[in-house]
$ cat query.txt   # compact mmCIF, C-alpha atoms
# COMPACT_ATOMS: atom_id res chain seq x y z
CA MET J 1 19.91 -17.43 10.99
CA PRO J 2 16.13 -17.94 10.82
CA ILE J 3 14.57 -17.98 7.39
CA ASN J 4 11.00 -16.77 7.05
CA ARG J 5 9.79 -17.20 3.49
CA ALA J 6 6.29 -16.25 2.50
CA VAL J 7 4.75 -17.66 -0.65
CA VAL J 8 1.57 -15.99 -1.81
CA ALA J 9 -0.57 -18.69 -3.37
CA ALA J 10 -3.45 -16.46 -4.33
CA LEU J 11 -4.68 -12.95 -3.81
CA GLY J 12 -8.22 -12.01 -4.67
CA ALA J 13 -11.37 -10.29 -3.61
CA LEU J 14 -13.85 -12.19 -1.51
CA PHE J 15 -16.43 -9.97 -3.08
CA ALA J 16 -16.61 -6.51 -4.54
CA ALA J 17 -19.66 -4.33 -4.85
CA PRO J 18 -19.34 -1.58 -7.46
CA SER J 19 -19.04 1.90 -6.05
CA LEU J 20 -22.12 4.03 -6.25
CA ALA J 21 -21.23 7.15 -8.20
CA PRO J 22 -21.54 10.41 -6.25
CA GLY J 23 -24.93 12.02 -6.69
CA GLN J 24 -25.78 15.68 -6.73
CA ALA J 25 -25.37 15.83 -2.95
CA GLY J 26 -22.01 14.02 -3.09
CA GLU J 27 -23.26 10.68 -1.77
CA ALA J 28 -21.04 7.70 -2.49
CA LEU J 29 -20.71 4.18 -1.14
CA SER J 30 -18.26 1.36 -1.82
CA VAL J 31 -18.08 -2.09 -0.24
CA HIS J 32 -15.30 -4.56 -0.96
CA GLY J 33 -13.29 -7.34 0.57
CA GLY J 34 -10.18 -9.42 0.10
CA ALA J 35 -7.93 -12.10 1.55
CA VAL J 36 -4.53 -13.69 0.97
CA LEU J 37 -3.84 -17.42 0.80
CA LEU J 38 -0.38 -17.68 2.31
CA GLY J 39 2.15 -20.43 2.86
CA THR J 40 5.10 -19.87 5.24
CA ILE J 41 8.27 -21.87 5.96
CA ALA J 42 10.24 -21.04 9.13
CA ALA J 43 13.62 -22.82 9.31
CA PRO J 44 14.72 -23.12 12.00
CA GLY J 45 11.52 -22.51 13.92
CA PHE J 46 10.74 -23.06 17.58
CA ASP J 47 13.01 -25.65 19.24
CA GLY J 48 15.04 -25.95 16.03
CA ARG J 49 12.16 -27.45 14.09
CA ARG J 50 11.26 -26.72 10.48
CA LEU J 51 7.74 -25.28 10.46
CA VAL J 52 5.52 -25.27 7.38
CA GLU J 53 2.08 -23.70 7.67
CA GLY J 54 -0.65 -22.23 5.49
CA TYR J 55 -3.40 -19.73 6.25
CA VAL J 56 -6.04 -17.41 4.98
CA THR J 57 -4.52 -14.15 6.19
CA GLN J 58 -5.76 -10.56 6.12
CA PRO J 59 -9.39 -11.48 5.34
CA MET J 60 -11.10 -8.10 5.33
CA LEU J 61 -14.53 -6.68 4.58
CA MET J 62 -14.46 -2.90 4.09
CA ALA J 63 -16.94 -0.12 3.50
CA HIS J 64 -16.43 3.56 2.69
CA GLY J 65 -19.07 6.20 2.21
CA SER J 66 -19.69 9.94 2.07
CA ALA J 67 -22.60 12.35 1.96
CA TRP J 68 -23.49 16.05 1.88
CA SER J 69 -20.82 16.98 -0.67
CA ARG J 70 -18.34 14.80 1.23
CA ARG J 71 -18.68 16.87 4.39
CA VAL J 72 -19.50 13.63 6.20
CA SER J 73 -17.69 10.37 5.50
CA PHE J 74 -17.12 7.04 7.18
CA SER J 75 -14.84 4.05 6.85
CA ALA J 76 -15.25 0.64 8.43
CA ALA J 77 -13.20 -2.56 8.31
CA LEU J 78 -14.21 -5.98 9.59
CA ASN J 79 -11.17 -8.20 10.18
CA LEU J 80 -11.90 -11.95 10.09
CA GLU J 81 -8.46 -13.01 11.37
CA PRO J 82 -9.91 -14.09 14.75
CA PHE J 83 -11.43 -17.00 12.79
CA THR J 84 -8.55 -17.76 10.38
CA LEU J 85 -5.41 -17.01 12.47
CA ARG J 86 -6.23 -18.35 15.92
CA ARG J 87 -2.71 -19.79 16.27
CA GLY J 88 -1.15 -16.69 14.78
CA GLU J 89 0.86 -16.38 11.57
CA LEU J 90 4.50 -17.51 11.45
CA ASN J 91 6.67 -14.39 11.28
CA ALA J 92 10.21 -14.70 12.68
CA GLY J 93 11.17 -11.98 15.16
CA ILE J 94 7.71 -10.50 15.66
CA TRP J 95 5.87 -10.52 18.99
CA GLY J 96 2.83 -9.16 20.78
CA GLU J 97 -0.44 -10.14 22.50
CA GLY J 98 1.14 -13.31 23.89
CA TYR J 99 2.53 -14.51 20.54
CA VAL J 100 6.26 -14.97 19.86
CA ASP J 101 7.62 -15.44 16.31
CA ARG J 102 3.99 -15.26 15.21
CA ARG J 103 1.82 -12.32 14.24
CA HIS J 104 -1.29 -12.16 16.37
CA PRO J 105 -4.77 -11.81 14.83
CA HIS J 106 -6.16 -8.30 15.02
CA THR J 107 -9.58 -7.45 16.40
CA LEU J 108 -12.79 -8.25 14.59
CA SER J 109 -13.76 -4.56 14.54
CA HIS J 110 -10.52 -3.32 12.96
CA GLU J 111 -11.76 0.18 12.15
CA ALA J 112 -14.93 2.26 12.36
CA MET J 113 -14.37 6.00 11.87
CA LEU J 114 -16.76 8.88 11.19
CA THR J 115 -15.30 12.11 9.78
CA LEU J 116 -16.81 15.60 9.61
CA ALA J 117 -15.06 17.92 7.13
CA PRO J 118 -14.35 20.65 6.48
CA LEU J 119 -14.66 22.36 9.83
CA LEU J 120 -12.83 25.29 8.30
CA ALA J 121 -11.93 25.79 4.66
CA ASP J 122 -10.07 28.60 2.95
CA GLY J 123 -8.92 27.80 -0.55
CA ALA J 124 -6.49 24.88 -0.32
CA PHE J 125 -6.68 24.74 3.50
CA ARG J 126 -9.00 22.15 5.04
CA SER J 127 -9.65 20.76 8.50
CA ALA J 128 -11.63 17.85 9.90
CA ILE J 129 -12.54 15.94 13.04
CA SER J 130 -12.82 12.15 13.16
CA VAL J 131 -14.32 9.95 15.88
CA GLY J 132 -14.31 6.18 16.31
CA LYS J 133 -11.98 3.19 16.49
CA GLY J 134 -8.95 2.87 14.27
CA PHE J 135 -5.31 3.76 13.65
CA VAL J 136 -3.95 6.58 15.80
CA PRO J 137 -2.07 9.29 13.82
CA PHE J 138 1.35 8.01 14.79
CA GLY J 139 4.07 6.37 12.72
CA THR J 140 3.28 4.78 9.38
CA ASP J 141 0.18 3.24 7.84
CA ASP J 142 -1.44 -0.15 8.30
CA PRO J 143 0.98 -2.84 7.03
CA MET J 144 -2.05 -4.54 5.43
CA SER J 145 -2.20 -1.67 2.93
CA ARG J 146 1.39 -2.20 1.72
CA PRO J 147 2.60 -4.33 -1.20
CA LEU J 148 4.35 -6.83 1.11
CA VAL J 149 2.29 -9.53 2.83
CA LYS J 150 4.37 -10.13 5.97
CA PHE J 151 4.18 -7.58 8.79
CA PRO J 152 7.48 -5.90 9.77
CA ILE J 153 8.85 -6.78 13.20
CA ASN J 154 8.63 -3.10 14.24
CA HIS J 155 4.82 -3.20 13.98
CA HIS J 156 4.26 -2.42 17.67
CA LEU J 157 6.90 0.32 17.61
CA SER J 158 5.63 2.04 14.46
CA GLN J 159 1.83 1.84 14.75
CA ILE J 160 -0.80 2.41 17.44
CA LEU J 161 -3.96 0.74 16.24
CA GLU J 162 -7.48 -0.28 17.17
CA ARG J 163 -7.99 2.45 19.77
CA GLY J 164 -11.01 4.61 20.47
CA GLN J 165 -10.01 8.11 19.45
CA VAL J 166 -10.89 11.66 18.53
CA VAL J 167 -8.64 13.06 15.79
CA VAL J 168 -8.35 16.67 14.63
CA SER J 169 -6.52 17.34 11.36
CA ALA J 170 -5.67 20.42 9.31
CA GLY J 171 -3.61 20.95 6.20
CA GLY J 172 -3.44 21.52 2.49
CA LYS J 173 -1.70 20.33 -0.66
CA ALA J 174 1.78 20.41 0.90
CA GLY J 175 0.99 18.46 4.06
CA VAL J 176 -1.23 17.82 7.04
CA MET J 177 -1.00 18.02 10.84
CA GLU J 178 -2.97 15.52 12.95
CA ALA J 179 -3.49 15.20 16.70
CA ALA J 180 -5.47 12.62 18.66
CA LEU J 181 -6.69 11.67 22.12
CA PHE J 182 -7.23 7.94 22.65
CA ASN J 183 -7.26 5.09 25.17
CA GLY J 184 -3.75 3.78 25.76
CA ASP J 185 -4.46 0.10 26.42
CA GLU J 186 -4.04 -2.41 23.61
CA PRO J 187 -6.92 -4.78 22.82
CA ALA J 188 -6.66 -7.78 25.15
CA THR J 189 -8.30 -10.27 22.77
CA PRO J 190 -9.40 -10.37 19.11
CA ASN J 191 -12.95 -9.68 20.31
CA SER J 192 -12.04 -6.64 22.42
CA GLY J 193 -13.90 -3.40 21.93
CA VAL J 194 -12.86 0.08 23.06
CA ASN J 195 -12.09 0.59 26.76
CA LEU J 196 -14.00 3.84 27.23
CA SER J 197 -12.94 4.09 30.89
CA ARG J 198 -9.41 4.80 29.64
CA PHE J 199 -10.35 7.21 26.85
CA ALA J 200 -8.15 10.33 26.54
CA ASP J 201 -5.41 9.06 28.86
CA SER J 202 -3.01 9.10 25.87
CA TRP J 203 -2.24 11.43 22.97
CA ALA J 204 -0.33 11.53 19.69
CA ALA J 205 0.56 14.00 16.94
CA ARG J 206 1.91 13.56 13.42
CA LEU J 207 3.15 15.97 10.75
CA THR J 208 3.13 14.70 7.16
CA ALA J 209 4.56 16.52 4.13
CA TRP J 210 4.37 15.60 0.45
CA ALA J 211 7.08 16.38 -2.09
CA GLY J 212 5.33 15.95 -5.41
CA SER J 213 3.06 12.99 -5.98
CA SER J 214 5.55 10.23 -5.08
CA VAL J 215 7.40 11.28 -1.91
CA GLU J 216 5.96 11.43 1.61
CA LEU J 217 7.82 12.51 4.77
CA SER J 218 6.42 12.20 8.29
CA ALA J 219 7.40 12.74 11.92
CA SER J 220 5.29 11.77 14.92
CA TYR J 221 5.29 11.54 18.70
CA ALA J 222 3.00 9.81 21.20
CA GLU J 223 2.60 9.39 24.94
CA VAL J 224 0.77 6.13 25.64
CA ALA J 225 -0.49 5.29 29.13
CA SER J 226 -0.09 1.67 30.28
CA PRO J 227 -0.53 -0.04 26.89
CA GLU J 228 0.08 -3.54 28.26
CA VAL J 229 -2.09 -3.41 31.42
CA PRO J 230 -5.81 -2.62 30.88
CA ASP J 231 -6.42 -1.19 34.37
CA GLY J 232 -3.79 1.52 33.77
CA THR J 233 -1.22 0.40 36.35
CA GLY J 234 1.47 -0.70 33.87
CA LEU J 235 4.45 1.12 32.41
CA ASP J 236 3.77 4.11 30.18
CA GLN J 237 5.45 4.65 26.82
CA ARG J 238 6.85 7.59 24.90
CA LYS J 239 7.18 6.92 21.20
CA TRP J 240 8.91 8.65 18.29
CA ASN J 241 8.78 7.85 14.57
CA GLY J 242 10.26 9.37 11.43
CA ALA J 243 9.57 7.98 7.95
CA ALA J 244 10.17 8.58 4.25
CA ARG J 245 8.15 6.82 1.58
CA PHE J 246 8.45 6.67 -2.21
CA GLU J 247 5.64 5.22 -4.29
CA ARG J 248 5.01 5.48 -8.03
CA ALA J 249 2.73 3.64 -10.42
CA LEU J 250 4.35 2.34 -13.61
CA SER J 251 2.89 1.07 -16.83
CA GLY J 252 1.45 -2.41 -17.01
CA GLY J 253 0.02 -2.30 -13.49
CA ARG J 254 3.47 -2.30 -11.87
CA ASN J 255 4.47 -0.17 -8.89
CA VAL J 256 7.68 1.04 -7.28
CA TYR J 257 7.48 1.20 -3.48
CA ALA J 258 10.11 2.00 -0.86
CA LEU J 259 9.75 2.86 2.84
CA VAL J 260 12.45 3.84 5.33
CA GLU J 261 11.49 4.56 8.94
CA TYR J 262 13.05 4.92 12.37
CA SER J 263 10.97 4.09 15.44
CA HIS J 264 11.91 4.53 19.09
CA THR J 265 9.90 3.59 22.19
CA ARG J 266 10.92 4.01 25.82
CA ASP J 267 9.02 2.72 28.85
CA TYR J 268 8.45 5.00 31.84
CA ASP J 269 7.51 4.28 35.45
CA ASP J 270 6.03 7.65 36.39
CA GLU J 271 8.86 9.90 35.17
CA HIS J 272 11.62 7.30 35.57
CA PRO J 273 12.83 6.03 32.17
CA GLY J 274 13.20 2.33 31.49
CA LEU J 275 14.78 0.36 28.66
CA PRO J 276 14.35 1.71 25.12
CA SER J 277 13.41 -0.21 21.97
CA SER J 278 14.39 1.08 18.54
CA SER J 279 14.20 -0.08 14.94
CA LEU J 280 15.38 1.19 11.58

$ encode --input "query.txt" --output "C-alpha cells"
Amino acid sequence: MPINRAVVAALGALFAAPSLAPGQAGEALSVHGGAVLLGTIAAPGFDGRRLVEGYVTQPMLMAHGSAWSRRVSFSAALNLEPFTLRRGELNAGIWGEGYVDRRHPHTLSHEAMLTLAPLLADGAFRSAISVGKGFVPFGTDDPMSRPLVKFPINHHLSQILERGQVVVSAGGKAGVMEAALFNGDEPATPNSGVNLSRFADSWAARLTAWAGSSVELSASYAEVASPEVPDGTGLDQRKWNGAARFERALSGGRNVYALVEYSHTRDYDDEHPGLPSSSL
C-alpha cells in the first residue's frame, strides 16, 4: 500500500504588512503572505521506486480590503506555485491537469473577487453580489486554508476553483444561500486566465448552516459544462456535495478540526449519464 508522508520543515510568512485599522468610513487593508517548506516520501512511488522530494509549496501573496463602511470589499491571492511546483507535488492517489500521483500547481492568479454588500439588509439579514475569479460556491473550502498541508484526493470532486464567476448570496446568523454562474472549463495551464467566451455556461448553488460557533453543515449542487475541454465539446458534469465541519480554538494556540464530506460527480454526454465518481 503506498505511503505518502509529509514532513513540514518550516511554516512562516514571506512577509506580513500590518492591517490598516478601519477609519471612519470603514476603510481597511491587509496584505500578507506565506509558504510551506515541505518534504515528501512516496514508497512505493512510480514504477515501484522510493521517491523523496522537497518543495516550497503553497507560496501565496494575499490582499484584503474594504471601504464605504464595508459595503465594498475585495480579496486577491497570487499563487507562486507555477514557479515552485513545476513538476507537481508528490501526493499518492491525486490526479488532474495531466499529473498523476502529484498535485498540480494552481494558477498564478488564484483569486480576485470584488464584493458589493449589502444589496438588501433588514436586521440580521444581509445579501451581496461578488464578481471576479475564484472558488465557486460548491463543496468545501480551499484545502490551502485547512490545518493539513497535503491536498485530499477528492479535490476535483469537492471544489470548483479558479473560474470567472458572478455570485449572489443572502443569509443571516443561522446560515447563507449562495448561487453562481461561471465558466465551466478548468484552467489549461498555471498561467491561464478566465475563458470569457464560456462564461455562464455552468451554475452552482450551496446552502450553509451554522450550529453555534463550532459546527458548520453544507449541501451543494453544480452543473458544469465540459470542464476538461476548453472549446465546450467535452463531457458535462453534475456534482453533489454534503459536508459537516467542526472547528474550535483551544488554549495555548491549539485547535480542534474535523471535516467529513461526501462528494459525487457523474459525467453526461448530452442527457446520457456516464460513469460516476464518489468519495467519502

$ atom_distance --input "query.txt" --atom1 "atom CA of J:Gly274" --atom2 "atom CA of J:Arg238"
10.6 Å

$ residues_around --input "query.txt" --residues "J:Ser197" --least-positions-apart "5" --cutoff "12 Å" --atoms "all atoms listed in the file" --output "JSON, numbers by chain"
{"J": [164, 182, 183, 184, 185, 230, 231, 232]}

$ write_last_selection --input "query.txt" --atoms "C-alpha atoms" --output "mmCIF file, in the coordinates of the input"
data_model
loop_
_atom_site.group_PDB
_atom_site.id
_atom_site.type_symbol
_atom_site.label_atom_id
_atom_site.label_comp_id
_atom_site.auth_asym_id
_atom_site.auth_seq_id
_atom_site.Cartn_x
_atom_site.Cartn_y
_atom_site.Cartn_z
ATOM 1 C CA GLY J 164 -11.010 4.610 20.470
ATOM 2 C CA PHE J 182 -7.230 7.940 22.650
ATOM 3 C CA ASN J 183 -7.260 5.090 25.170
ATOM 4 C CA GLY J 184 -3.750 3.780 25.760
ATOM 5 C CA ASP J 185 -4.460 0.100 26.420
ATOM 6 C CA PRO J 230 -5.810 -2.620 30.880
ATOM 7 C CA ASP J 231 -6.420 -1.190 34.370
ATOM 8 C CA GLY J 232 -3.790 1.520 33.770
#

$ atom_distance --input "query.txt" --atom1 "atom CA of J:Pro44" --atom2 "atom CA of J:Met144"
25.9 Å

$ atom_distance --input "query.txt" --atom1 "atom CA of J:Gly34" --atom2 "atom CA of J:Leu80"
10.4 Å

$ closest_residue --input "query.txt" --among "J:Tyr221, J:Tyr262, J:Phe199, J:Phe83" --to "J:Ile160" --atoms "all atoms listed in the file"
J:Tyr221

$ closest_residue --input "query.txt" --among "J:Gly253, J:Gly48, J:Pro137, J:Gly39" --to "J:Leu90" --atoms "all atoms listed in the file"
J:Gly39

$ closest_residue --input "query.txt" --among "J:Arg50, J:Arg86, J:His264, J:Arg163" --to "J:Ser192" --atoms "all atoms listed in the file"
J:Arg163

$ build_atoms --input "query.txt" --residues "stretch 47-61 of chain J" --atoms "N, CA, C and O atoms" --output "PDB file, in the coordinates of the input"
ATOM      1  N   ASP J  47      12.328 -24.436  18.811  1.00  0.00           N
ATOM      2  CA  ASP J  47      13.010 -25.650  19.240  1.00  0.00           C
ATOM      3  C   ASP J  47      13.799 -26.289  18.094  1.00  0.00           C
ATOM      4  O   ASP J  47      14.010 -27.507  18.064  1.00  0.00           O
ATOM      5  N   GLY J  48      14.230 -25.456  17.130  1.00  0.00           N
ATOM      6  CA  GLY J  48      15.040 -25.950  16.030  1.00  0.00           C
ATOM      7  C   GLY J  48      14.284 -26.695  14.959  1.00  0.00           C
ATOM      8  O   GLY J  48      14.892 -27.249  14.027  1.00  0.00           O
ATOM      9  N   ARG J  49      12.959 -26.714  15.061  1.00  0.00           N
ATOM     10  CA  ARG J  49      12.160 -27.450  14.090  1.00  0.00           C
ATOM     11  C   ARG J  49      11.945 -26.644  12.816  1.00  0.00           C
ATOM     12  O   ARG J  49      12.019 -25.422  12.817  1.00  0.00           O
ATOM     13  N   ARG J  50      11.655 -27.341  11.746  1.00  0.00           N
ATOM     14  CA  ARG J  50      11.260 -26.720  10.480  1.00  0.00           C
ATOM     15  C   ARG J  50       9.731 -26.665  10.460  1.00  0.00           C
ATOM     16  O   ARG J  50       9.065 -27.702  10.528  1.00  0.00           O
ATOM     17  N   LEU J  51       9.184 -25.460  10.393  1.00  0.00           N
ATOM     18  CA  LEU J  51       7.740 -25.280  10.460  1.00  0.00           C
ATOM     19  C   LEU J  51       7.207 -24.877   9.089  1.00  0.00           C
ATOM     20  O   LEU J  51       7.745 -23.971   8.443  1.00  0.00           O
ATOM     21  N   VAL J  52       6.177 -25.565   8.653  1.00  0.00           N
ATOM     22  CA  VAL J  52       5.520 -25.270   7.380  1.00  0.00           C
ATOM     23  C   VAL J  52       4.029 -25.119   7.659  1.00  0.00           C
ATOM     24  O   VAL J  52       3.392 -26.054   8.150  1.00  0.00           O
ATOM     25  N   GLU J  53       3.482 -23.955   7.370  1.00  0.00           N
ATOM     26  CA  GLU J  53       2.080 -23.700   7.670  1.00  0.00           C
ATOM     27  C   GLU J  53       1.425 -22.912   6.534  1.00  0.00           C
ATOM     28  O   GLU J  53       2.098 -22.233   5.755  1.00  0.00           O
ATOM     29  N   GLY J  54       0.111 -23.004   6.470  1.00  0.00           N
ATOM     30  CA  GLY J  54      -0.650 -22.230   5.490  1.00  0.00           C
ATOM     31  C   GLY J  54      -1.861 -21.601   6.158  1.00  0.00           C
ATOM     32  O   GLY J  54      -2.379 -22.120   7.152  1.00  0.00           O
ATOM     33  N   TYR J  55      -2.300 -20.469   5.635  1.00  0.00           N
ATOM     34  CA  TYR J  55      -3.400 -19.730   6.250  1.00  0.00           C
ATOM     35  C   TYR J  55      -4.191 -18.967   5.190  1.00  0.00           C
ATOM     36  O   TYR J  55      -3.734 -18.740   4.075  1.00  0.00           O
ATOM     37  N   VAL J  56      -5.359 -18.524   5.633  1.00  0.00           N
ATOM     38  CA  VAL J  56      -6.040 -17.410   4.980  1.00  0.00           C
ATOM     39  C   VAL J  56      -5.763 -16.206   5.862  1.00  0.00           C
ATOM     40  O   VAL J  56      -6.247 -16.118   6.989  1.00  0.00           O
ATOM     41  N   THR J  57      -4.926 -15.300   5.388  1.00  0.00           N
ATOM     42  CA  THR J  57      -4.520 -14.150   6.190  1.00  0.00           C
ATOM     43  C   THR J  57      -5.101 -12.862   5.618  1.00  0.00           C
ATOM     44  O   THR J  57      -5.446 -12.787   4.437  1.00  0.00           O
ATOM     45  N   GLN J  58      -5.234 -11.881   6.474  1.00  0.00           N
ATOM     46  CA  GLN J  58      -5.760 -10.560   6.120  1.00  0.00           C
ATOM     47  C   GLN J  58      -7.127 -10.635   5.423  1.00  0.00           C
ATOM     48  O   GLN J  58      -7.367  -9.929   4.433  1.00  0.00           O
ATOM     49  N   PRO J  59      -8.048 -11.470   5.919  1.00  0.00           N
ATOM     50  CA  PRO J  59      -9.390 -11.480   5.340  1.00  0.00           C
ATOM     51  C   PRO J  59     -10.181 -10.269   5.835  1.00  0.00           C
ATOM     52  O   PRO J  59     -10.476 -10.154   7.021  1.00  0.00           O
ATOM     53  N   MET J  60     -10.508  -9.373   4.939  1.00  0.00           N
ATOM     54  CA  MET J  60     -11.100  -8.100   5.330  1.00  0.00           C
ATOM     55  C   MET J  60     -12.369  -7.815   4.532  1.00  0.00           C
ATOM     56  O   MET J  60     -12.443  -8.095   3.332  1.00  0.00           O
ATOM     57  N   LEU J  61     -13.348  -7.245   5.209  1.00  0.00           N
ATOM     58  CA  LEU J  61     -14.530  -6.680   4.580  1.00  0.00           C
ATOM     59  C   LEU J  61     -14.531  -5.191   4.912  1.00  0.00           C
ATOM     60  O   LEU J  61     -14.450  -4.812   6.082  1.00  0.00           O
TER      61      LEU J  61
END
